[in-house]
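Here the structure comes first, spelled out in C-alpha coordinates, and everything after it is commentary.
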Amino acid sequence: MTDRISVRTLFFGVYGELAARREGSAELAADSTVADLVDSLRGPGGLDWLPESVVVAVNQSYAEAGTTLSDGDEVALIPPVAGG
Amino acid sequence: MTDRISVRTLFFGVYGELAARREGSAELAADSTVADLVDSLRGPGGLDWLPESVVVAVNQSYAEAGTTLSDGDEVALIPPVAGG
Amino acid sequence: MSQRPDDRVRTWITRETLDDFARFEDIVGEVGSVEDGALLFFQGRVRRTNRGRQVSRLTYEAYGEMAEGELSAICHEALEQFDVGSIAAAHRVGDLALGEVSVAIAVTSAHRDDGYRASRWIIETIKVRLPIWKHEHYEDGESHWVGAPTPEAGASTGGSRFG
Amino acid sequence: MSQRPDDRVRTWITRETLDDFARFEDIVGEVGSVEDGALLFFQGRVRRTNRGRQVSRLTYEAYGEMAEGELSAICHEALEQFDVGSIAAAHRVGDLALGEVSVAIAVTSAHRDDGYRASRWIIETIKVRLPIWKHEHYEDGESHWVGAPTPEAGASTGGSRFG
(Lines give C-alpha, C1' and ligand atoms only; values in the text may rest on other atoms or scores of the structure.)
Protein backbone atom coordinates (compact mmCIF):
# COMPACT_ATOMS: atom_id res chain seq x y z
CA MET A 1 0.00 0.00 0.00
CA THR A 2 1.06 3.59 -0.51
CA ASP A 3 2.58 5.30 2.51
CA ARG A 4 0.86 8.40 3.79
CA ILE A 5 2.57 11.58 4.93
CA SER A 6 1.40 14.31 7.24
CA VAL A 7 2.34 17.97 6.80
CA ARG A 8 1.72 20.99 8.97
CA THR A 9 -0.11 23.84 7.21
CA LEU A 10 0.16 27.54 8.08
CA PHE A 11 -2.22 30.27 6.90
CA PHE A 12 -0.99 33.86 7.07
CA GLY A 13 -2.62 37.27 6.69
CA VAL A 14 -5.91 37.25 4.80
CA TYR A 15 -5.63 33.49 4.24
CA GLY A 16 -5.77 32.95 7.99
CA GLU A 17 -8.84 35.16 8.14
CA LEU A 18 -10.58 33.46 5.21
CA ALA A 19 -9.67 29.96 6.42
CA ALA A 20 -10.74 30.88 9.97
CA ARG A 21 -7.60 29.18 11.21
CA ARG A 22 -3.89 29.98 11.42
CA GLU A 23 -2.64 26.43 11.21
CA GLY A 24 -3.72 22.89 10.52
CA SER A 25 -2.43 19.62 9.17
CA ALA A 26 -3.03 17.54 6.07
CA GLU A 27 -2.65 13.84 5.25
CA LEU A 28 -1.39 13.13 1.75
CA ALA A 29 -0.13 10.25 -0.34
CA ALA A 30 3.64 9.83 -0.25
CA ASP A 31 5.35 11.73 -3.09
CA SER A 32 2.60 14.34 -3.12
CA THR A 33 3.64 17.74 -4.42
CA VAL A 34 2.85 21.27 -3.31
CA ALA A 35 0.23 21.38 -6.09
CA ASP A 36 -1.39 18.19 -4.76
CA LEU A 37 -1.66 19.76 -1.31
CA VAL A 38 -3.19 22.95 -2.69
CA ASP A 39 -5.69 20.90 -4.73
CA SER A 40 -6.72 18.94 -1.66
CA LEU A 41 -7.12 22.14 0.38
CA ARG A 42 -9.27 23.68 -2.36
CA GLY A 43 -11.43 20.54 -2.68
CA PRO A 44 -15.16 20.23 -1.94
CA GLY A 45 -16.12 22.04 1.23
CA GLY A 46 -12.57 23.41 1.48
CA LEU A 47 -10.73 26.62 0.77
CA ASP A 48 -12.20 27.16 -2.70
CA TRP A 49 -10.99 30.76 -2.69
CA LEU A 50 -7.33 29.66 -2.75
CA PRO A 51 -5.87 30.74 -6.09
CA GLU A 52 -4.35 28.12 -8.41
CA SER A 53 -1.16 30.15 -8.36
CA VAL A 54 -0.96 30.46 -4.56
CA VAL A 55 2.54 31.12 -3.27
CA VAL A 56 3.79 28.40 -0.94
CA ALA A 57 6.81 28.03 1.33
CA VAL A 58 8.03 24.64 2.43
CA ASN A 59 10.11 24.59 5.59
CA GLN A 60 10.46 28.39 5.37
CA SER A 61 11.71 28.60 1.78
CA TYR A 62 9.66 29.54 -1.24
CA ALA A 63 8.77 26.38 -3.17
CA GLU A 64 7.55 25.49 -6.66
CA ALA A 65 4.22 23.77 -7.35
CA GLY A 66 6.13 20.64 -8.32
CA THR A 67 8.14 20.42 -5.11
CA THR A 68 7.68 16.99 -3.48
CA LEU A 69 6.57 17.06 0.15
CA SER A 70 7.92 14.90 2.94
CA ASP A 71 6.39 13.74 6.18
CA GLY A 72 6.61 16.47 8.81
CA ASP A 73 7.09 19.35 6.37
CA GLU A 74 5.88 22.81 7.37
CA VAL A 75 3.90 24.23 4.44
CA ALA A 76 2.90 27.91 4.57
CA LEU A 77 0.32 29.48 2.28
CA ILE A 78 1.60 32.95 1.50
CA PRO A 79 -0.83 35.69 0.47
CA PRO A 80 0.51 38.74 -1.39
CA VAL A 81 3.25 40.08 0.88
CA ALA A 82 3.06 43.68 2.08
CA GLY A 83 6.10 44.48 4.16
CA GLY A 84 8.02 47.72 3.98
CA MET B 1 35.40 110.82 -19.99
CA THR B 2 34.51 107.23 -19.15
CA ASP B 3 33.68 106.50 -15.55
CA ARG B 4 35.72 103.86 -13.76
CA ILE B 5 34.35 101.17 -11.46
CA SER B 6 36.03 99.22 -8.71
CA VAL B 7 35.17 95.61 -7.89
CA ARG B 8 36.26 93.32 -5.07
CA THR B 9 37.82 90.05 -6.24
CA LEU B 10 37.85 86.76 -4.31
CA PHE B 11 40.06 83.74 -5.06
CA PHE B 12 38.99 80.39 -3.65
CA GLY B 13 40.61 76.97 -3.31
CA VAL B 14 43.49 76.36 -5.68
CA TYR B 15 43.01 79.81 -7.25
CA GLY B 16 43.80 81.42 -3.91
CA GLU B 17 46.90 79.27 -3.67
CA LEU B 18 48.04 79.99 -7.24
CA ALA B 19 47.27 83.73 -6.96
CA ALA B 20 48.97 83.84 -3.55
CA ARG B 21 46.06 85.92 -2.31
CA ARG B 22 42.50 85.29 -1.19
CA GLU B 23 41.12 88.66 -2.20
CA GLY B 24 41.95 91.82 -4.07
CA SER B 25 40.33 94.61 -6.05
CA ALA B 26 40.28 95.66 -9.68
CA GLU B 27 39.64 98.95 -11.45
CA LEU B 28 37.72 98.67 -14.72
CA ALA B 29 36.01 100.85 -17.30
CA ALA B 30 32.32 101.35 -16.65
CA ASP B 31 30.19 98.76 -18.46
CA SER B 32 32.96 96.17 -18.21
CA THR B 33 31.83 92.57 -18.25
CA VAL B 34 32.94 89.50 -16.34
CA ALA B 35 34.99 88.52 -19.39
CA ASP B 36 36.74 91.93 -19.36
CA LEU B 37 37.68 91.44 -15.71
CA VAL B 38 39.03 87.95 -16.35
CA ASP B 39 41.04 89.26 -19.33
CA SER B 40 42.55 91.98 -17.20
CA LEU B 41 43.43 89.51 -14.44
CA ARG B 42 45.06 87.18 -16.95
CA GLY B 43 47.04 90.04 -18.56
CA PRO B 44 50.84 90.47 -18.62
CA GLY B 45 52.39 89.62 -15.28
CA GLY B 46 49.01 88.50 -14.01
CA LEU B 47 47.16 85.25 -13.42
CA ASP B 48 48.01 83.71 -16.80
CA TRP B 49 46.93 80.27 -15.53
CA LEU B 50 43.30 81.40 -15.24
CA PRO B 51 41.29 79.43 -17.79
CA GLU B 52 39.29 81.28 -20.46
CA SER B 53 36.22 79.45 -19.24
CA VAL B 54 36.73 80.27 -15.55
CA VAL B 55 33.53 80.10 -13.51
CA VAL B 56 32.65 83.40 -11.86
CA ALA B 57 30.09 84.46 -9.29
CA VAL B 58 28.98 88.08 -9.01
CA ASN B 59 27.51 89.08 -5.66
CA GLN B 60 27.25 85.38 -4.72
CA SER B 61 25.39 84.18 -7.79
CA TYR B 62 26.89 82.35 -10.75
CA ALA B 63 27.30 84.81 -13.64
CA GLU B 64 27.83 84.60 -17.40
CA ALA B 65 30.92 85.97 -19.16
CA GLY B 66 28.75 88.73 -20.64
CA THR B 67 27.36 89.92 -17.32
CA THR B 68 28.00 93.65 -16.86
CA LEU B 69 29.75 94.63 -13.65
CA SER B 70 28.85 97.54 -11.39
CA ASP B 71 30.90 99.56 -8.96
CA GLY B 72 31.26 97.71 -5.66
CA ASP B 73 30.44 94.26 -7.03
CA GLU B 74 31.93 91.20 -5.30
CA VAL B 75 33.39 88.96 -7.99
CA ALA B 76 34.53 85.47 -7.01
CA LEU B 77 36.70 83.22 -9.17
CA ILE B 78 35.40 79.70 -8.66
CA PRO B 79 37.68 76.71 -9.29
CA PRO B 80 36.09 73.30 -9.91
CA VAL B 81 33.88 72.74 -6.88
CA ALA B 82 34.38 69.63 -4.77
CA GLY B 83 31.80 69.55 -2.00
CA GLY B 84 29.99 66.44 -0.88
CA MET C 1 41.67 43.88 6.93
CA SER C 2 38.99 41.85 5.20
CA GLN C 3 35.83 40.85 6.98
CA ARG C 4 33.68 37.78 6.53
CA PRO C 5 30.35 38.64 4.88
CA ASP C 6 28.47 37.76 8.06
CA ASP C 7 30.29 40.49 9.92
CA ARG C 8 29.03 43.01 7.41
CA VAL C 9 25.30 42.25 7.62
CA ARG C 10 22.91 42.71 10.56
CA THR C 11 19.21 41.94 10.18
CA TRP C 12 16.33 41.49 12.55
CA ILE C 13 12.53 41.26 12.78
CA THR C 14 11.22 42.90 15.92
CA ARG C 15 8.25 44.05 17.97
CA GLU C 16 10.43 46.83 19.41
CA THR C 17 10.53 50.36 18.04
CA LEU C 18 12.76 51.14 15.06
CA ASP C 19 12.16 54.88 15.38
CA ASP C 20 15.56 55.59 16.85
CA PHE C 21 18.18 56.79 14.35
CA ALA C 22 20.94 56.42 16.95
CA ARG C 23 20.59 52.66 17.13
CA PHE C 24 21.46 52.41 13.45
CA GLU C 25 24.27 54.88 13.91
CA ASP C 26 25.73 52.51 16.50
CA ILE C 27 25.36 49.47 14.25
CA VAL C 28 26.89 51.26 11.29
CA GLY C 29 29.75 52.26 13.55
CA GLU C 30 30.31 48.59 14.38
CA VAL C 31 30.03 47.09 10.91
CA GLY C 32 31.15 49.98 8.67
CA SER C 33 34.69 51.09 7.93
CA VAL C 34 36.67 54.18 7.00
CA GLU C 35 36.76 52.85 3.44
CA ASP C 36 33.05 53.71 3.22
CA GLY C 37 32.46 57.25 2.01
CA ALA C 38 28.68 57.00 1.83
CA LEU C 39 25.88 56.00 4.13
CA LEU C 40 22.30 55.60 2.94
CA PHE C 41 19.65 55.22 5.60
CA PHE C 42 16.07 54.50 4.59
CA GLN C 43 13.04 54.45 6.86
CA GLY C 44 9.54 53.40 5.90
CA ARG C 45 6.96 54.96 8.19
CA VAL C 46 3.25 54.50 8.78
CA ARG C 47 1.60 57.11 6.57
CA ARG C 48 -1.76 58.64 7.41
CA THR C 49 -3.12 58.44 3.87
CA ASN C 50 -2.94 55.24 1.81
CA ARG C 51 -4.81 54.78 -1.47
CA GLY C 52 -7.10 57.63 -0.49
CA ARG C 53 -8.11 56.17 2.88
CA GLN C 54 -7.25 57.60 6.29
CA VAL C 55 -5.21 55.05 8.21
CA SER C 56 -5.49 55.05 12.01
CA ARG C 57 -2.99 52.26 12.75
CA LEU C 58 -1.38 49.15 11.25
CA THR C 59 -0.71 45.62 12.32
CA TYR C 60 2.12 43.70 10.68
CA GLU C 61 2.00 39.93 10.82
CA ALA C 62 5.13 37.98 9.89
CA TYR C 63 6.03 34.40 9.21
CA GLY C 64 8.65 34.97 11.86
CA GLU C 65 11.44 32.48 11.27
CA MET C 66 11.09 32.63 7.49
CA ALA C 67 11.08 36.44 7.55
CA GLU C 68 14.33 36.42 9.56
CA GLY C 69 15.88 34.09 7.01
CA GLU C 70 14.62 35.98 3.96
CA LEU C 71 15.72 39.38 5.27
CA SER C 72 19.19 38.03 5.92
CA ALA C 73 19.25 36.33 2.50
CA ILE C 74 18.16 39.55 0.75
CA CYS C 75 20.92 41.55 2.43
CA HIS C 76 23.58 38.94 1.64
CA GLU C 77 22.44 38.93 -1.98
CA ALA C 78 22.79 42.73 -2.00
CA LEU C 79 26.34 42.31 -0.70
CA GLU C 80 27.05 40.04 -3.70
CA GLN C 81 25.36 42.28 -6.27
CA PHE C 82 26.55 45.70 -5.20
CA ASP C 83 29.87 47.10 -4.11
CA VAL C 84 28.80 47.93 -0.57
CA GLY C 85 30.62 47.70 2.74
CA SER C 86 27.94 46.86 5.27
CA ILE C 87 24.18 46.52 5.63
CA ALA C 88 21.83 46.74 8.61
CA ALA C 89 18.14 46.09 8.01
CA ALA C 90 15.18 45.58 10.33
CA HIS C 91 11.41 45.20 10.05
CA ARG C 92 8.75 45.77 12.69
CA VAL C 93 5.89 43.41 13.44
CA GLY C 94 2.86 43.91 15.68
CA ASP C 95 0.85 47.11 16.16
CA LEU C 96 2.23 50.39 14.81
CA ALA C 97 0.87 53.91 15.26
CA LEU C 98 0.95 56.66 12.63
CA GLY C 99 4.48 57.94 12.00
CA GLU C 100 6.20 54.89 13.47
CA VAL C 101 9.02 53.27 11.52
CA SER C 102 8.06 49.94 9.96
CA VAL C 103 11.29 49.20 8.11
CA ALA C 104 14.80 50.64 8.32
CA ILE C 105 17.78 49.93 6.07
CA ALA C 106 21.31 51.31 6.48
CA VAL C 107 23.90 50.70 3.77
CA THR C 108 27.50 51.90 3.76
CA SER C 109 29.61 51.91 0.59
CA ALA C 110 32.82 53.35 -0.73
CA HIS C 111 30.89 55.29 -3.38
CA ARG C 112 27.40 56.72 -3.18
CA ASP C 113 26.05 55.23 -6.41
CA ASP C 114 26.42 51.71 -5.01
CA GLY C 115 24.75 52.77 -1.78
CA TYR C 116 21.72 54.32 -3.46
CA ARG C 117 21.28 51.33 -5.78
CA ALA C 118 21.71 48.73 -3.05
CA SER C 119 19.36 50.53 -0.64
CA ARG C 120 16.69 50.78 -3.32
CA TRP C 121 17.14 47.16 -4.37
CA ILE C 122 16.81 45.96 -0.78
CA ILE C 123 13.55 47.79 -0.08
CA GLU C 124 12.04 46.74 -3.44
CA THR C 125 13.06 43.13 -2.78
CA ILE C 126 11.66 43.24 0.75
CA LYS C 127 8.36 44.37 -0.75
CA VAL C 128 8.13 41.32 -3.01
CA ARG C 129 9.79 38.60 -0.93
CA LEU C 130 9.62 39.25 2.79
CA PRO C 131 6.76 37.15 4.26
CA ILE C 132 5.11 40.00 6.17
CA TRP C 133 1.51 41.15 5.83
CA LYS C 134 0.01 44.52 6.62
CA HIS C 135 -3.43 44.86 8.18
CA GLU C 136 -4.56 48.47 7.82
CA HIS C 137 -7.10 49.92 10.24
CA TYR C 138 -8.95 53.00 9.01
CA GLU C 139 -10.45 56.05 10.67
CA ASP C 140 -13.90 54.82 9.64
CA GLY C 141 -13.47 51.64 11.70
CA GLU C 142 -12.95 49.27 8.76
CA SER C 143 -9.78 47.27 8.22
CA HIS C 144 -8.14 45.50 5.29
CA TRP C 145 -5.24 43.18 4.57
CA VAL C 146 -3.11 45.08 2.05
CA GLY C 147 -2.79 43.20 -1.23
CA ALA C 148 -5.83 41.04 -0.51
CA PRO C 149 -9.18 41.44 -2.25
CA THR C 150 -11.70 43.62 -0.42
CA PRO C 151 -14.11 41.65 1.82
CA GLU C 152 -16.97 42.50 -0.56
CA ALA C 153 -15.08 41.20 -3.59
CA GLY C 154 -14.08 38.18 -1.55
CA ALA C 155 -17.68 37.28 -0.89
CA SER C 156 -18.82 37.55 -4.51
CA THR C 157 -16.02 36.13 -6.66
CA GLY C 158 -14.10 32.90 -6.92
CA GLY C 159 -10.45 32.08 -6.53
CA SER C 160 -9.54 33.72 -9.81
CA ARG C 161 -9.71 37.13 -8.17
CA PHE C 162 -6.17 36.49 -6.95
CA GLY C 163 -4.90 35.71 -10.44
CA MET D 1 -2.63 71.85 7.02
CA SER D 2 -0.39 73.23 4.31
CA GLN D 3 3.02 74.61 5.08
CA ARG D 4 4.96 77.36 3.39
CA PRO D 5 7.97 75.98 1.47
CA ASP D 6 10.37 77.69 3.88
CA ASP D 7 8.99 75.66 6.74
CA ARG D 8 9.84 72.49 4.84
CA VAL D 9 13.54 73.16 4.14
CA ARG D 10 16.44 73.51 6.59
CA THR D 11 19.96 74.04 5.32
CA TRP D 12 23.23 75.08 6.90
CA ILE D 13 26.99 75.27 6.34
CA THR D 14 28.90 74.57 9.52
CA ARG D 15 32.21 73.99 11.26
CA GLU D 16 30.42 71.80 13.81
CA THR D 17 30.18 68.03 13.55
CA LEU D 18 27.45 66.47 11.39
CA ASP D 19 28.21 62.98 12.65
CA ASP D 20 25.15 62.83 14.87
CA PHE D 21 22.15 61.01 13.35
CA ALA D 22 19.90 62.18 16.19
CA ARG D 23 20.18 65.83 15.21
CA PHE D 24 18.64 65.03 11.84
CA GLU D 25 16.03 62.87 13.50
CA ASP D 26 15.00 65.94 15.52
CA ILE D 27 14.87 68.20 12.48
CA VAL D 28 12.87 65.68 10.48
CA GLY D 29 10.50 65.43 13.41
CA GLU D 30 10.00 69.19 13.26
CA VAL D 31 9.60 69.64 9.51
CA GLY D 32 8.20 66.25 8.44
CA SER D 33 4.60 65.08 8.69
CA VAL D 34 2.57 61.91 9.07
CA GLU D 35 1.80 62.15 5.37
CA ASP D 36 5.42 61.16 4.74
CA GLY D 37 5.86 57.40 4.52
CA ALA D 38 9.54 57.49 3.57
CA LEU D 39 12.69 59.03 4.93
CA LEU D 40 15.97 58.97 3.04
CA PHE D 41 19.07 60.04 4.94
CA PHE D 42 22.38 60.33 3.12
CA GLN D 43 25.77 60.95 4.68
CA GLY D 44 29.00 61.59 2.83
CA ARG D 45 32.01 60.69 4.97
CA VAL D 46 35.75 61.20 4.69
CA ARG D 47 37.03 58.02 3.07
CA ARG D 48 40.52 56.72 3.68
CA THR D 49 41.21 55.85 0.04
CA ASN D 50 40.55 58.32 -2.77
CA ARG D 51 41.78 57.76 -6.32
CA GLY D 52 44.29 55.26 -4.98
CA ARG D 53 45.85 57.61 -2.44
CA GLN D 54 45.67 57.24 1.34
CA VAL D 55 43.94 60.29 2.77
CA SER D 56 44.93 61.38 6.30
CA ARG D 57 42.52 64.34 6.65
CA LEU D 58 40.57 66.92 4.63
CA THR D 59 40.02 70.63 4.73
CA TYR D 60 36.88 72.05 3.16
CA GLU D 61 36.92 75.73 2.20
CA ALA D 62 33.62 77.40 1.33
CA TYR D 63 32.51 80.66 -0.18
CA GLY D 64 30.44 80.94 2.95
CA GLU D 65 27.52 83.22 2.17
CA MET D 66 27.16 81.98 -1.38
CA ALA D 67 27.31 78.35 -0.23
CA GLU D 68 24.50 79.03 2.25
CA GLY D 69 22.42 80.57 -0.52
CA GLU D 70 23.17 77.85 -3.07
CA LEU D 71 22.43 75.00 -0.67
CA SER D 72 19.10 76.56 0.21
CA ALA D 73 18.35 77.20 -3.49
CA ILE D 74 19.19 73.59 -4.41
CA CYS D 75 16.84 72.24 -1.75
CA HIS D 76 14.02 74.57 -2.74
CA GLU D 77 14.47 73.50 -6.36
CA ALA D 78 14.22 69.87 -5.22
CA LEU D 79 10.96 70.75 -3.47
CA GLU D 80 9.64 72.07 -6.80
CA GLN D 81 10.89 69.15 -8.90
CA PHE D 82 10.03 66.20 -6.68
CA ASP D 83 6.99 65.28 -4.63
CA VAL D 84 8.73 65.48 -1.27
CA GLY D 85 7.55 66.69 2.11
CA SER D 86 10.62 68.15 3.76
CA ILE D 87 14.37 68.48 3.30
CA ALA D 88 17.23 69.08 5.73
CA ALA D 89 20.74 69.41 4.30
CA ALA D 90 24.05 70.50 5.77
CA HIS D 91 27.69 70.67 4.71
CA ARG D 92 30.81 70.83 6.86
CA VAL D 93 33.69 73.24 6.38
CA GLY D 94 37.09 73.32 8.05
CA ASP D 95 39.23 70.35 9.06
CA LEU D 96 37.73 66.85 9.00
CA ALA D 97 39.25 63.57 10.19
CA LEU D 98 38.76 60.18 8.52
CA GLY D 99 35.22 58.88 8.94
CA GLU D 100 33.72 62.27 9.77
CA VAL D 101 30.53 63.31 7.98
CA SER D 102 31.10 66.03 5.38
CA VAL D 103 27.57 66.29 4.02
CA ALA D 104 24.20 65.08 5.28
CA ILE D 105 20.84 65.18 3.52
CA ALA D 106 17.48 64.07 4.94
CA VAL D 107 14.41 63.94 2.69
CA THR D 108 10.91 62.89 3.69
CA SER D 109 8.27 62.03 1.11
CA ALA D 110 4.90 60.36 0.88
CA HIS D 111 6.36 57.67 -1.41
CA ARG D 112 9.86 56.26 -1.46
CA ASP D 113 10.56 56.74 -5.17
CA ASP D 114 10.35 60.51 -4.80
CA GLY D 115 12.62 60.38 -1.75
CA TYR D 116 15.33 58.33 -3.46
CA ARG D 117 15.25 60.50 -6.58
CA ALA D 118 15.26 63.80 -4.68
CA SER D 119 18.05 62.71 -2.34
CA ARG D 120 20.21 61.64 -5.26
CA TRP D 121 19.47 64.82 -7.21
CA ILE D 122 20.41 66.98 -4.23
CA ILE D 123 23.81 65.34 -3.65
CA GLU D 124 24.63 65.34 -7.38
CA THR D 125 23.66 69.01 -7.63
CA ILE D 126 25.68 69.88 -4.52
CA LYS D 127 28.68 68.30 -6.23
CA VAL D 128 28.40 70.55 -9.29
CA ARG D 129 27.07 73.79 -7.80
CA LEU D 130 27.95 74.26 -4.16
CA PRO D 131 30.98 76.60 -3.90
CA ILE D 132 33.02 74.39 -1.60
CA TRP D 133 36.53 73.09 -2.22
CA LYS D 134 38.24 70.06 -0.80
CA HIS D 135 41.92 70.09 0.14
CA GLU D 136 43.05 66.50 0.62
CA HIS D 137 46.03 65.75 2.85
CA TYR D 138 47.70 62.38 2.25
CA GLU D 139 49.57 59.90 4.42
CA ASP D 140 52.74 60.69 2.46
CA GLY D 141 52.60 64.35 3.55
CA GLU D 142 51.47 65.78 0.22
CA SER D 143 48.22 67.63 -0.30
CA HIS D 144 46.02 68.51 -3.27
CA TRP D 145 42.97 70.61 -4.09
CA VAL D 146 40.48 68.12 -5.52
CA GLY D 147 39.50 68.98 -9.08
CA ALA D 148 42.56 71.17 -9.57
CA PRO D 149 45.55 70.20 -11.69
CA THR D 150 48.40 68.60 -9.78
CA PRO D 151 51.08 71.07 -8.65
CA GLU D 152 53.52 69.54 -11.15
CA ALA D 153 51.09 69.97 -14.04
CA GLY D 154 50.36 73.48 -12.78
CA ALA D 155 54.00 74.43 -13.04
CA SER D 156 54.49 73.12 -16.55
CA THR D 157 51.35 73.90 -18.55
CA GLY D 158 49.31 76.93 -19.45
CA GLY D 159 45.77 77.91 -18.69
CA SER D 160 44.35 75.38 -21.12
CA ARG D 161 44.89 72.60 -18.60
CA PHE D 162 41.60 73.67 -17.00
CA GLY D 163 39.68 73.39 -20.31
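Please note that chains go A, B, ... in the order of the C-alpha coordinates, that every chain numbers its residues from 1, and that ligands are numbered from 1 in the order shown.
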Once DSSP has gone over the backbone, tell me which residues of segment 8-91 of chain D are in strand (DSSP E or B), as a ChimeraX atom specification. /D:9-14,38-45,49-50,53-62,84-91
Would you output that residue set with N, CA and C atoms, as a tab-separated table (two decimals), in the first residue's frame?
chain	number	residue	atom	x	y	z
D	9	VAL	N	12.12	73.31	4.50
D	9	VAL	CA	13.54	73.16	4.14
D	9	VAL	C	14.40	73.76	5.25
D	10	ARG	N	15.42	73.00	5.66
D	10	ARG	CA	16.44	73.51	6.59
D	10	ARG	C	17.80	73.22	5.99
D	11	THR	N	18.61	74.25	5.85
D	11	THR	CA	19.96	74.04	5.32
D	11	THR	C	20.97	74.84	6.14
D	12	TRP	N	22.18	74.33	6.24
D	12	TRP	CA	23.23	75.08	6.90
D	12	TRP	C	24.61	74.60	6.49
D	13	ILE	N	25.57	75.54	6.57
D	13	ILE	CA	26.99	75.27	6.34
D	13	ILE	C	27.64	75.47	7.70
D	14	THR	N	28.46	74.52	8.12
D	14	THR	CA	28.90	74.57	9.52
D	14	THR	C	30.30	74.03	9.75
D	38	ALA	N	8.15	57.87	3.84
D	38	ALA	CA	9.54	57.49	3.57
D	38	ALA	C	10.49	58.56	4.06
D	39	LEU	N	11.61	58.13	4.60
D	39	LEU	CA	12.69	59.03	4.93
D	39	LEU	C	13.98	58.48	4.33
D	40	LEU	N	14.69	59.35	3.62
D	40	LEU	CA	15.97	58.97	3.04
D	40	LEU	C	17.03	59.87	3.65
D	41	PHE	N	18.02	59.26	4.27
D	41	PHE	CA	19.07	60.04	4.94
D	41	PHE	C	20.40	59.63	4.31
D	42	PHE	N	21.08	60.59	3.74
D	42	PHE	CA	22.38	60.33	3.12
D	42	PHE	C	23.48	61.04	3.90
D	43	GLN	N	24.58	60.33	4.12
D	43	GLN	CA	25.77	60.95	4.68
D	43	GLN	C	26.95	60.69	3.76
D	44	GLY	N	27.69	61.75	3.46
D	44	GLY	CA	29.00	61.59	2.83
D	44	GLY	C	30.05	61.68	3.92
D	45	ARG	N	31.00	60.74	3.92
D	45	ARG	CA	32.01	60.69	4.97
D	45	ARG	C	33.41	60.74	4.36
D	49	THR	N	40.56	55.98	1.35
D	49	THR	CA	41.21	55.85	0.04
D	49	THR	C	40.47	56.69	-0.99
D	50	ASN	N	41.17	57.57	-1.68
D	50	ASN	CA	40.55	58.32	-2.77
D	50	ASN	C	41.49	58.32	-3.96
D	53	ARG	N	44.94	57.04	-3.43
D	53	ARG	CA	45.85	57.61	-2.44
D	53	ARG	C	45.24	57.48	-1.04
D	54	GLN	N	46.11	57.38	-0.04
D	54	GLN	CA	45.67	57.24	1.34
D	54	GLN	C	45.50	58.63	1.95
D	55	VAL	N	44.25	58.98	2.22
D	55	VAL	CA	43.94	60.29	2.77
D	55	VAL	C	44.16	60.26	4.29
D	56	SER	N	44.77	61.31	4.84
D	56	SER	CA	44.93	61.38	6.30
D	56	SER	C	43.90	62.34	6.91
D	57	ARG	N	43.57	63.42	6.18
D	57	ARG	CA	42.52	64.34	6.65
D	57	ARG	C	42.14	65.24	5.49
D	58	LEU	N	41.07	66.01	5.67
D	58	LEU	CA	40.57	66.92	4.63
D	58	LEU	C	40.37	68.30	5.22
D	59	THR	N	40.49	69.30	4.36
D	59	THR	CA	40.02	70.63	4.73
D	59	THR	C	39.05	71.09	3.66
D	60	TYR	N	37.85	71.47	4.09
D	60	TYR	CA	36.88	72.05	3.16
D	60	TYR	C	36.89	73.56	3.32
D	61	GLU	N	37.06	74.27	2.20
D	61	GLU	CA	36.92	75.73	2.20
D	61	GLU	C	35.63	76.06	1.47
D	62	ALA	N	34.87	77.00	1.98
D	62	ALA	CA	33.62	77.40	1.33
D	62	ALA	C	33.61	78.89	1.05
D	84	VAL	N	8.18	65.78	-2.59
D	84	VAL	CA	8.73	65.48	-1.27
D	84	VAL	C	8.12	66.40	-0.23
D	85	GLY	N	8.17	65.94	1.03
D	85	GLY	CA	7.55	66.69	2.11
D	85	GLY	C	8.48	67.70	2.75
D	86	SER	N	9.69	67.26	3.06
D	86	SER	CA	10.62	68.15	3.76
D	86	SER	C	12.05	67.75	3.44
D	87	ILE	N	12.95	68.71	3.59
D	87	ILE	CA	14.37	68.48	3.30
D	87	ILE	C	15.21	69.17	4.36
D	88	ALA	N	16.20	68.46	4.87
D	88	ALA	CA	17.23	69.08	5.73
D	88	ALA	C	18.58	68.71	5.14
D	89	ALA	N	19.44	69.69	4.91
D	89	ALA	CA	20.74	69.41	4.30
D	89	ALA	C	21.79	70.31	4.91
D	90	ALA	N	22.97	69.74	5.15
D	90	ALA	CA	24.05	70.50	5.77
D	90	ALA	C	25.39	70.07	5.21
D	91	HIS	N	26.34	70.98	5.18
D	91	HIS	CA	27.69	70.67	4.71
D	91	HIS	C	28.71	71.23	5.69
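All chain B residues having an atom within 9 Å of chain D, based on only C-alpha atoms, amount to B:Phe12, B:Gly13, B:Val14, B:Tyr15, B:Leu18, B:Asp48, B:Trp49, B:Leu50, B:Pro51, B:Glu52, B:Ser53, B:Val54, B:Ala57, B:Asn59, B:Gln60, B:Ser61, B:Ala76, B:Ile78, B:Pro79, B:Pro80, B:Val81, B:Ala82, B:Gly83, B:Gly84.
Excluding Ala22 of chain C itself and any same-chain residue fewer than 2 positions from it, the protein and nucleic acid residues within 9 Å of it, counting only C-alpha atoms, are C:Asp20, C:Phe24, C:Glu25, C:Asp26, C:Ile27, D:Asp20, D:Phe21, D:Ala22, D:Glu25.
Note that DSSP on the backbone gives alpha helix (DSSP H) to these residues of chain B: Gly13, Val14, Tyr15, Gly16, Glu17, Leu18, Ala19, Val34, Ala35, Asp36, Leu37, Val38, Asp39, Ser40, Leu41 and Arg42 of chain B.
Each of D:Thr108, D:Ser72, D:Ser143, D:Gln81 was checked against chain C using only C-alpha atoms; the smallest atom-to-atom distance is that of D:Thr108.
Our summary of the geometry notes that atom CA of Ala110 of chain D is positioned 17.3 Å from atom CA of His76 of chain D.
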Atomic distance atom CA of Ser6 of chain B - atom CA of Ser25 of chain B, expressed in Å with one decimal: 6.8 Å
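Comparing the minimum interatomic distances between chain C and each of D:Gly37, D:Gly141, D:Gly52, D:Gly32, counting only C-alpha atoms, we find that D:Gly37 sits nearest.
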I want to know what sits within 6 Å of segment 31-46 of chain A, based on only C-alpha atoms, with residues of the same chain fewer than 3 positions away left out; could you give that as number ranges by chain? A: 65-69
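Each of C:Leu98, C:Ala118, C:Ile105, C:Ala73 was compared to chain D using only C-alpha atoms, and C:Leu98 turns out to be the nearest.
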Using only C-alpha atoms, which of the listed residues (C:Glu77, C:Asp140, C:Asp83, C:Glu100) sits closest to chain D? C:Glu100
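Atom CA of Glu35 of chain D to atom CA of Val28 of chain C spans 28.0 Å [interatomic distance, one decimal].
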